[in-house]
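Participant: Before anything else, here's the structure in question.
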Amino acid sequence: MWYLCVFYHRLLDYRRPEVESLAELFGGPGAGDAVEWRMPENHHEDSPFHFVRLPGDERFAAQVANRSLLVKGIYELWGHGTTYEELEKSVMEYPDERKLPYLTPESTFKIVVDTFGKVMSSQEQNEIMKSLTYIPFKGRVNLKKPEHKFFVIETDDYGSNNGLPPVMKRTIFFGREVGAADRHLLPMYQLKSRKYIGPTAMDAEMAFLMANQGLARPGKLVYDPFVGTGSILVAAAHFGAMTMGADIDIRVVRDGRGPDCNVWSNFEQVLAIRWLVGVGFLDLLLIFDAIICDPPYGVRAGGRKSVLRGEDGSSNTQFPEHPCFKLIYSCEQILSFRYSRVLLTMVKVAPYTEEIKKMAEEQHRDFRENHQKWLDEGNLHSAVFSPAEPAPDGKSKFDRDSKPKYRGKYV
Ligand SMILES: C[S@@+](CC[C@H](N)C(=O)[O-])C[C@H]1O[C@@H](n2cnc3c(N)ncnc32)[C@H](O)[C@@H]1O
């Protein structure tokens with residue numbers, strides 16, 4: 001079924017992938033690929049308004065929305081238009097058999113008037129609610145815990161001058177909410193509530209997004225090879241996954257800032273710890289379901305970290321590959337005009353066989369030899385600290401416009 005999907009206006013690159021991952025999580029292999037998208041007329045692709053076709057029934061759409069972080073709401077769209085008259089016509093044309101089950105006298109409901117890119121007074125909102133007399137609401141209003149929530153959402157025709165994704169024509173949507181993100185978990189896990197953080201600790205929203213991309217759930221084992229203070233794994237464990245991490249710096253993981261302030265404290269703070277002991281490393285390769293990480297590309301912790309962005313605005317790092325894993329997302333998070341970081345999510349697609357094990361051992365040997373040679377030739381310092389090459393025309397190599405910047409910040 002097709003729905004109206006309204007996103008939060010943030011982390012634009014992550015919005016559709018999150019929905020597709022969650023479709024895969026709840027619908028099984030192939031369900032993510034079955035998701036279809038289209039844009040409402042006159043809306044820019046960065047607009048928060050998208051139409052989405054999800055496999056399965058409405059309960060499936062609700063599951064996807066409720067587990068997400070970036071879906072403000074998924075709605076059964078009853079009508080839309082560029083004026084309130086057009087909206088009325090469109091809602092009236094929507095079949096009664098779809099509408100009437102949600103308008104019965106026994107039901108409770110609430111109407112919310114929401115806007116994007118414009119401010120509306122409560123008086124204007126009331127006027128809009130009163131104008132909906134053409135919808136035969138028979139139930140009782142319940143503002144706290146309604147059975148059905150209806151939304152009128154309006155965007156203005158502010159063109160491209162408002163610092164937001166351009167909207168060429170005012171659009172008004174009316175729909176019944178099917179599900180929405182539960183962002184209440186973010187304050188609980190936010191960095192300032194966490195016992196142990198480091199200079200590169202990942203914020204809770206991003207960590208939960210990655211756990212969603214990695215399809216974290218009970219019965220899965222998620223691995224972070226650059227675990228640091230454990231942010232990503234705490235998020236994966238919140239969703240019931242078993243977790244395992246590694247880090248080149250034993251002090252970060254083992255010692256932290258003392259016995260009550262280390263990676264374990266971050267887990268203990270919010271969860272019953274789920275971990276795995278006594279399994280050999282190669283055996284573990286057999287059972288990882290996802291590898292999710294925030295690799296330390298670029299400048300090390302303490303300085304500015306992450307990837308220098310290339311001419312097209314994207315990072316051009318080559319990511320590691322493994323025949324058993326598929327890189328499903330390499331999302332770039334813009335930190336500033338010049339720096340971004342790349343977050344990688346890989347999921348298991350094939351079993352780990354003896355043959356693959358032998359091949360991996362050979363590749364590992366080759367890498368060690370070449371890497372040592374590269375270090376001996378004194379390349380490390382220049383690789384990390386060399387300034388970016390200027391373009392032949394003398395202009396900056398970085399294209400400011402290649403990534404969206406709305407209302408003063410990259411999203
Ligand atoms: C960007 S931080 C990860 C931060 C982590 N996501 C968190 O929330 O704390 C990268 C981590 O990778 C570790 N690291 C750097 N090089 C590594 C390597 N070659 N192998 C494993 N870990 C490495 C660093 O010690 C650092 O803790």
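By convention in this document, the chains of the structure tokens carry letters A, B, ... by their order, each chain's residues are numbered from 1, and ligands are numbered from 1 in the order they are shown.
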Might you pull out every residue within 12 Å of Gln125 of chain A, with only C-alpha atoms counted and same-chain residues fewer than 2 positions away left off, and present them as a list in words?

Facilitator: Ile111, Val112, Val113, Asp114, Thr115, Val119, Met120, Ser121, Ser122, Gln123, Glu127, Ile128, Met129, Lys130, Ser131, Leu132, Phe151, Val152, Ile153 and Glu154 of chain A

Participant: Selected residues, N, CA and C atoms, written as a PDB file, in the first residue's frame, please.

Facilitator:
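Writing done, so here's selection.pdb:
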```pdb
ATOM      1  N   ILE A 111      -7.279  15.505  16.337  1.00  0.00           N
ATOM      2  CA  ILE A 111      -6.794  16.092  15.074  1.00  0.00           C
ATOM      3  C   ILE A 111      -5.610  17.001  15.408  1.00  0.00           C
ATOM      4  N   VAL A 112      -4.552  16.852  14.652  1.00  0.00           N
ATOM      5  CA  VAL A 112      -3.364  17.702  14.856  1.00  0.00           C
ATOM      6  C   VAL A 112      -3.152  18.515  13.585  1.00  0.00           C
ATOM      7  N   VAL A 113      -2.904  19.812  13.753  1.00  0.00           N
ATOM      8  CA  VAL A 113      -2.557  20.633  12.588  1.00  0.00           C
ATOM      9  C   VAL A 113      -1.062  20.922  12.683  1.00  0.00           C
ATOM     10  N   ASP A 114      -0.343  20.542  11.656  1.00  0.00           N
ATOM     11  CA  ASP A 114       1.113  20.679  11.679  1.00  0.00           C
ATOM     12  C   ASP A 114       1.540  21.449  10.432  1.00  0.00           C
ATOM     13  N   THR A 115       2.703  22.068  10.492  1.00  0.00           N
ATOM     14  CA  THR A 115       3.180  22.827   9.326  1.00  0.00           C
ATOM     15  C   THR A 115       4.640  22.507   9.099  1.00  0.00           C
ATOM     16  N   VAL A 119       4.823  29.180  10.167  1.00  0.00           N
ATOM     17  CA  VAL A 119       4.324  29.180  11.540  1.00  0.00           C
ATOM     18  C   VAL A 119       2.829  29.448  11.478  1.00  0.00           C
ATOM     19  N   MET A 120       2.067  28.781  12.336  1.00  0.00           N
ATOM     20  CA  MET A 120       0.622  28.984  12.330  1.00  0.00           C
ATOM     21  C   MET A 120       0.153  29.207  13.765  1.00  0.00           C
ATOM     22  N   SER A 121      -0.658  30.228  13.978  1.00  0.00           N
ATOM     23  CA  SER A 121      -1.136  30.514  15.344  1.00  0.00           C
ATOM     24  C   SER A 121      -2.153  29.448  15.744  1.00  0.00           C
ATOM     25  N   SER A 122      -2.406  29.335  17.080  1.00  0.00           N
ATOM     26  CA  SER A 122      -3.380  28.320  17.518  1.00  0.00           C
ATOM     27  C   SER A 122      -4.776  28.675  17.032  1.00  0.00           C
ATOM     28  N   GLN A 123      -5.021  29.983  16.850  1.00  0.00           N
ATOM     29  CA  GLN A 123      -6.338  30.381  16.326  1.00  0.00           C
ATOM     30  C   GLN A 123      -6.511  29.860  14.884  1.00  0.00           C
ATOM     31  N   GLU A 127      -9.249  27.181  13.381  1.00  0.00           N
ATOM     32  CA  GLU A 127     -10.101  27.462  12.203  1.00  0.00           C
ATOM     33  C   GLU A 127     -10.032  26.281  11.225  1.00  0.00           C
ATOM     34  N   ILE A 128      -8.811  25.781  11.028  1.00  0.00           N
ATOM     35  CA  ILE A 128      -8.641  24.662  10.083  1.00  0.00           C
ATOM     36  C   ILE A 128      -9.405  23.438  10.586  1.00  0.00           C
ATOM     37  N   MET A 129      -9.287  23.155  11.889  1.00  0.00           N
ATOM     38  CA  MET A 129      -9.994  21.980  12.438  1.00  0.00           C
ATOM     39  C   MET A 129     -11.498  22.134  12.244  1.00  0.00           C
ATOM     40  N   LYS A 130     -11.983  23.365  12.483  1.00  0.00           N
ATOM     41  CA  LYS A 130     -13.440  23.591  12.339  1.00  0.00           C
ATOM     42  C   LYS A 130     -13.888  23.424  10.893  1.00  0.00           C
ATOM     43  N   SER A 131     -12.967  23.690   9.961  1.00  0.00           N
ATOM     44  CA  SER A 131     -13.359  23.620   8.545  1.00  0.00           C
ATOM     45  C   SER A 131     -13.512  22.171   8.050  1.00  0.00           C
ATOM     46  N   LEU A 132     -13.160  21.206   8.903  1.00  0.00           N
ATOM     47  CA  LEU A 132     -13.202  19.810   8.450  1.00  0.00           C
ATOM     48  C   LEU A 132     -14.592  19.177   8.627  1.00  0.00           C
ATOM     49  N   PHE A 151      -4.069  13.995  10.905  1.00  0.00           N
ATOM     50  CA  PHE A 151      -3.141  15.123  10.734  1.00  0.00           C
ATOM     51  C   PHE A 151      -3.509  15.955   9.517  1.00  0.00           C
ATOM     52  N   VAL A 152      -3.538  17.275   9.721  1.00  0.00           N
ATOM     53  CA  VAL A 152      -3.549  18.205   8.592  1.00  0.00           C
ATOM     54  C   VAL A 152      -2.143  18.783   8.574  1.00  0.00           C
ATOM     55  N   ILE A 153      -1.447  18.616   7.463  1.00  0.00           N
ATOM     56  CA  ILE A 153      -0.063  19.129   7.409  1.00  0.00           C
ATOM     57  C   ILE A 153       0.052  20.063   6.218  1.00  0.00           C
ATOM     58  N   GLU A 154       0.534  21.253   6.493  1.00  0.00           N
ATOM     59  CA  GLU A 154       0.575  22.277   5.438  1.00  0.00           C
ATOM     60  C   GLU A 154       2.004  22.766   5.204  1.00  0.00           C
TER      61      GLU A 154
END
```

Participant: Please return as a list of chain:residue names the residues found within 7 Å of ligand 1, counting only C-alpha atoms and all ligand atoms.

Facilitator: A:Ile197, A:Gly198, A:Thr200, A:Ala201, A:Met202, A:Pro225, A:Phe226, A:Val227, A:Gly228, A:Thr229, A:Gly230, A:Ser231, A:Ile232, A:Ala246, A:Asp247, A:Ile248, A:Asp249, A:Val252, A:Cys293, A:Asp294, A:Pro295, A:Pro296

Participant: Got a sec: who's within 7 Å of segment 141-148 of chain A, counting only C-alpha atoms, leaving out chain neighbours fewer than 3 positions off, as number ranges by chain?

Facilitator: A: 102, 107-110

Participant: With N, CA and C atoms retained, could you export that selection as a PDB file, in the first residue's frame?

Facilitator:
```pdb
ATOM      1  N   TYR A 102     -12.888   4.380  10.910  1.00  0.00           N
ATOM      2  CA  TYR A 102     -12.104   5.189  11.868  1.00  0.00           C
ATOM      3  C   TYR A 102     -12.909   6.370  12.405  1.00  0.00           C
ATOM      4  N   SER A 107     -15.360   5.209  18.880  1.00  0.00           N
ATOM      5  CA  SER A 107     -13.919   5.473  18.816  1.00  0.00           C
ATOM      6  C   SER A 107     -13.555   6.819  19.459  1.00  0.00           C
ATOM      7  N   THR A 108     -12.273   6.956  19.789  1.00  0.00           N
ATOM      8  CA  THR A 108     -11.777   8.257  20.258  1.00  0.00           C
ATOM      9  C   THR A 108     -10.764   8.751  19.228  1.00  0.00           C
ATOM     10  N   PHE A 109     -10.649  10.055  19.104  1.00  0.00           N
ATOM     11  CA  PHE A 109      -9.747  10.594  18.085  1.00  0.00           C
ATOM     12  C   PHE A 109      -9.189  11.962  18.487  1.00  0.00           C
ATOM     13  N   LYS A 110      -8.218  12.380  17.704  1.00  0.00           N
ATOM     14  CA  LYS A 110      -7.584  13.686  17.916  1.00  0.00           C
ATOM     15  C   LYS A 110      -7.176  14.206  16.545  1.00  0.00           C
TER      16      LYS A 110
END
```

Participant: Leaving out Ser90 of chain A and any residue of its chain fewer than 4 positions from it, which residues lie within 8 Å of it when counting only C-alpha atoms, given as a compact mmCIF listing (two decimals) with N, CA and C atoms, in the first residue's frame?

Facilitator:
```
# COMPACT_ATOMS: atom_id res chain seq x y z
N TRP A 78 -5.68 10.55 3.12
CA TRP A 78 -7.09 10.61 2.73
C TRP A 78 -7.29 11.67 1.64
N GLY A 79 -6.36 12.59 1.52
CA GLY A 79 -6.50 13.59 0.47
C GLY A 79 -5.40 14.63 0.55
N HIS A 80 -5.17 15.32 -0.57
CA HIS A 80 -4.25 16.45 -0.54
C HIS A 80 -4.60 17.43 -1.65
N GLY A 81 -4.11 18.64 -1.53
CA GLY A 81 -4.42 19.66 -2.53
C GLY A 81 -3.57 20.89 -2.30
N GLU A 86 -9.43 22.27 -2.62
CA GLU A 86 -8.93 21.06 -3.31
C GLU A 86 -8.80 19.89 -2.33
N TYR A 94 -12.10 10.16 -1.50
CA TYR A 94 -11.46 8.97 -0.92
C TYR A 94 -12.57 8.01 -0.46
```

Participant: What's around segment 31-35 of chain A at 12 Å? Count only C-alpha atoms, leave out sequence neighbours fewer than 2 positions away in its own chain, and write the answer as a VMD selection string.

Facilitator: chain A and resid 1 to 3 16 to 29 37 to 38 51 to 56 60 to 61 64 213 215 328

Participant: Go ahead and write the residues just picked, N, CA and C atoms, as a PDB file, in the first residue's frame.

Facilitator:
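The file below, selection-v9.pdb, is the result:
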```
ATOM      1  N   MET A   1       0.843  -1.197   0.000  1.00  0.00           N
ATOM      2  CA  MET A   1       0.000   0.000   0.000  1.00  0.00           C
ATOM      3  C   MET A   1       0.888   1.261   0.000  1.00  0.00           C
ATOM      4  N   TRP A   2       0.385   2.312  -0.650  1.00  0.00           N
ATOM      5  CA  TRP A   2       1.113   3.581  -0.648  1.00  0.00           C
ATOM      6  C   TRP A   2       0.724   4.413   0.576  1.00  0.00           C
ATOM      7  N   TYR A   3       1.710   5.055   1.199  1.00  0.00           N
ATOM      8  CA  TYR A   3       1.481   5.922   2.361  1.00  0.00           C
ATOM      9  C   TYR A   3       2.168   7.269   2.113  1.00  0.00           C
ATOM     10  N   ARG A  16      15.626   7.532   3.798  1.00  0.00           N
ATOM     11  CA  ARG A  16      15.084   6.392   3.049  1.00  0.00           C
ATOM     12  C   ARG A  16      15.791   5.080   3.403  1.00  0.00           C
ATOM     13  N   PRO A  17      17.164   5.079   3.500  1.00  0.00           N
ATOM     14  CA  PRO A  17      17.823   3.822   3.875  1.00  0.00           C
ATOM     15  C   PRO A  17      17.307   3.244   5.190  1.00  0.00           C
ATOM     16  N   GLU A  18      16.967   4.130   6.151  1.00  0.00           N
ATOM     17  CA  GLU A  18      16.480   3.593   7.432  1.00  0.00           C
ATOM     18  C   GLU A  18      15.171   2.828   7.229  1.00  0.00           C
ATOM     19  N   VAL A  19      14.266   3.413   6.444  1.00  0.00           N
ATOM     20  CA  VAL A  19      12.972   2.754   6.202  1.00  0.00           C
ATOM     21  C   VAL A  19      13.192   1.428   5.477  1.00  0.00           C
ATOM     22  N   GLU A  20      14.098   1.435   4.493  1.00  0.00           N
ATOM     23  CA  GLU A  20      14.337   0.198   3.724  1.00  0.00           C
ATOM     24  C   GLU A  20      14.933  -0.892   4.630  1.00  0.00           C
ATOM     25  N   SER A  21      15.861  -0.491   5.504  1.00  0.00           N
ATOM     26  CA  SER A  21      16.448  -1.480   6.428  1.00  0.00           C
ATOM     27  C   SER A  21      15.377  -2.059   7.335  1.00  0.00           C
ATOM     28  N   LEU A  22      14.509  -1.189   7.847  1.00  0.00           N
ATOM     29  CA  LEU A  22      13.495  -1.680   8.787  1.00  0.00           C
ATOM     30  C   LEU A  22      12.481  -2.567   8.073  1.00  0.00           C
ATOM     31  N   ALA A  23      12.232  -2.292   6.789  1.00  0.00           N
ATOM     32  CA  ALA A  23      11.349  -3.172   6.017  1.00  0.00           C
ATOM     33  C   ALA A  23      11.987  -4.563   5.933  1.00  0.00           C
ATOM     34  N   GLU A  24      13.301  -4.581   5.738  1.00  0.00           N
ATOM     35  CA  GLU A  24      14.038  -5.855   5.662  1.00  0.00           C
ATOM     36  C   GLU A  24      14.006  -6.564   7.024  1.00  0.00           C
ATOM     37  N   LEU A  25      14.171  -5.763   8.074  1.00  0.00           N
ATOM     38  CA  LEU A  25      14.198  -6.331   9.430  1.00  0.00           C
ATOM     39  C   LEU A  25      12.878  -7.031   9.762  1.00  0.00           C
ATOM     40  N   PHE A  26      11.769  -6.369   9.457  1.00  0.00           N
ATOM     41  CA  PHE A  26      10.463  -6.938   9.840  1.00  0.00           C
ATOM     42  C   PHE A  26       9.858  -7.818   8.743  1.00  0.00           C
ATOM     43  N   GLY A  27      10.299  -7.602   7.494  1.00  0.00           N
ATOM     44  CA  GLY A  27       9.666  -8.335   6.387  1.00  0.00           C
ATOM     45  C   GLY A  27      10.525  -9.461   5.835  1.00  0.00           C
ATOM     46  N   GLY A  28      11.781  -9.555   6.296  1.00  0.00           N
ATOM     47  CA  GLY A  28      12.654 -10.630   5.816  1.00  0.00           C
ATOM     48  C   GLY A  28      13.368 -10.243   4.531  1.00  0.00           C
ATOM     49  N   PRO A  29      14.266 -11.158   4.046  1.00  0.00           N
ATOM     50  CA  PRO A  29      15.097 -10.838   2.882  1.00  0.00           C
ATOM     51  C   PRO A  29      14.263 -10.375   1.684  1.00  0.00           C
ATOM     52  N   TRP A  37       9.441   4.448  -3.751  1.00  0.00           N
ATOM     53  CA  TRP A  37       9.321   5.853  -3.340  1.00  0.00           C
ATOM     54  C   TRP A  37       8.875   6.703  -4.515  1.00  0.00           C
ATOM     55  N   ARG A  38       8.139   7.746  -4.233  1.00  0.00           N
ATOM     56  CA  ARG A  38       7.980   8.827  -5.200  1.00  0.00           C
ATOM     57  C   ARG A  38       7.757  10.128  -4.447  1.00  0.00           C
ATOM     58  N   PHE A  51       6.164   9.920  -0.754  1.00  0.00           N
ATOM     59  CA  PHE A  51       5.198   8.821  -0.789  1.00  0.00           C
ATOM     60  C   PHE A  51       5.999   7.532  -0.776  1.00  0.00           C
ATOM     61  N   VAL A  52       5.551   6.583   0.038  1.00  0.00           N
ATOM     62  CA  VAL A  52       6.274   5.314   0.128  1.00  0.00           C
ATOM     63  C   VAL A  52       5.292   4.158  -0.027  1.00  0.00           C
ATOM     64  N   ARG A  53       5.723   3.160  -0.779  1.00  0.00           N
ATOM     65  CA  ARG A  53       4.931   1.938  -0.886  1.00  0.00           C
ATOM     66  C   ARG A  53       5.636   0.844  -0.106  1.00  0.00           C
ATOM     67  N   LEU A  54       4.973   0.335   0.917  1.00  0.00           N
ATOM     68  CA  LEU A  54       5.583  -0.693   1.758  1.00  0.00           C
ATOM     69  C   LEU A  54       4.898  -2.025   1.515  1.00  0.00           C
ATOM     70  N   PRO A  55       5.676  -3.106   1.576  1.00  0.00           N
ATOM     71  CA  PRO A  55       5.021  -4.418   1.452  1.00  0.00           C
ATOM     72  C   PRO A  55       4.233  -4.695   2.736  1.00  0.00           C
ATOM     73  N   GLY A  56       3.344  -5.643   2.711  1.00  0.00           N
ATOM     74  CA  GLY A  56       2.624  -6.044   3.926  1.00  0.00           C
ATOM     75  C   GLY A  56       1.463  -5.130   4.244  1.00  0.00           C
ATOM     76  N   PHE A  60       2.521  -3.734   9.536  1.00  0.00           N
ATOM     77  CA  PHE A  60       3.917  -3.737   9.098  1.00  0.00           C
ATOM     78  C   PHE A  60       4.438  -2.291   9.000  1.00  0.00           C
ATOM     79  N   ALA A  61       3.626  -1.431   8.385  1.00  0.00           N
ATOM     80  CA  ALA A  61       4.024  -0.017   8.259  1.00  0.00           C
ATOM     81  C   ALA A  61       4.208   0.601   9.642  1.00  0.00           C
ATOM     82  N   VAL A  64       7.540  -0.500  11.180  1.00  0.00           N
ATOM     83  CA  VAL A  64       8.662   0.224  10.566  1.00  0.00           C
ATOM     84  C   VAL A  64       8.743   1.637  11.152  1.00  0.00           C
ATOM     85  N   GLN A 213      20.171   0.198  10.657  1.00  0.00           N
ATOM     86  CA  GLN A 213      20.719  -0.217   9.361  1.00  0.00           C
ATOM     87  C   GLN A 213      21.305  -1.624   9.445  1.00  0.00           C
ATOM     88  N   LEU A 215      20.242  -3.999  11.213  1.00  0.00           N
ATOM     89  CA  LEU A 215      19.154  -4.946  11.506  1.00  0.00           C
ATOM     90  C   LEU A 215      19.334  -5.613  12.876  1.00  0.00           C
ATOM     91  N   ILE A 328      26.127  -2.394   2.937  1.00  0.00           N
ATOM     92  CA  ILE A 328      24.809  -1.914   2.522  1.00  0.00           C
ATOM     93  C   ILE A 328      24.717  -0.389   2.584  1.00  0.00           C
TER      94      ILE A 328
END
```

Participant: DSSP on the backbone, strand (DSSP E) only: what residues of segment 24-180 of chain A does that give? Format it as a PyMOL selection string.

Facilitator: chain A and resi 36-38+49-53+71-81+108-116+140-141+148-155+171-179

Participant: Using only C-alpha atoms, which residues sit within 7 Å of Asp224 of chain A once same-chain residues fewer than 5 positions away are excluded, as a list in words?

Facilitator: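 That gives Leu233, Met244, Gly245, Ala246, Ile291, Ile292 and Cys293 of chain A.
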
Participant: Okay, now the selection with C-alpha atoms, as an mmCIF file, in the first residue's frame?

Facilitator:
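Output (out-v8.cif):
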```cif
data_model
loop_
_atom_site.group_PDB
_atom_site.id
_atom_site.type_symbol
_atom_site.label_atom_id
_atom_site.label_comp_id
_atom_site.auth_asym_id
_atom_site.auth_seq_id
_atom_site.Cartn_x
_atom_site.Cartn_y
_atom_site.Cartn_z
ATOM 1 C CA LEU A 233 27.041 -1.492 20.392
ATOM 2 C CA MET A 244 31.144 -7.676 20.344
ATOM 3 C CA GLY A 245 33.768 -5.008 19.801
ATOM 4 C CA ALA A 246 37.495 -4.547 19.239
ATOM 5 C CA ILE A 291 29.503 -5.175 11.196
ATOM 6 C CA ILE A 292 28.725 -1.583 12.075
ATOM 7 C CA CYS A 293 31.419 0.989 12.635
#
```

Participant: Using only C-alpha atoms, which of A:Ala204, A:Arg341, A:Lys348, A:Gly159 sits nearest Lys220 of chain A?

Facilitator: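 Smallest separation from Lys220 of chain A among the options: A:Lys348.
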
Participant: With a distance cut-off of 12 Å and only C-alpha atoms, select the neighbouring residues of Ser160 of chain A, excluding the residue or stretch itself and same-chain residues fewer than 3 positions from it, and output the selection as a ChimeraX atom specification.

Facilitator: /A:42-44,47,117,156-157,163-169,406-407

Participant: Expressed in Å to a single decimal, how great is the separation between atom CA of Asn212 of chain A and atom CA of Arg257 of chain A?

Facilitator: 29.3 Å

Participant: Using DSSP on the backbone coordinates, identify the residues of segment 38-250 of chain A assigned to helix (DSSP H, G or I); present them as a ChimeraX atom specification.

Facilitator: /A:58-67,84-93,96-102,122-134,185-189,191-193,204-213,231-238,250

Participant: Taking into account only C-alpha atoms, which residue in the set A:Phe137, A:Glu45, A:Ala290, A:Ala216 is nearest to Gly240 of chain A?

Facilitator: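 Ranking A:Phe137, A:Glu45, A:Ala290, A:Ala216 by distance to Gly240 of chain A, first place goes to A:Ala216.
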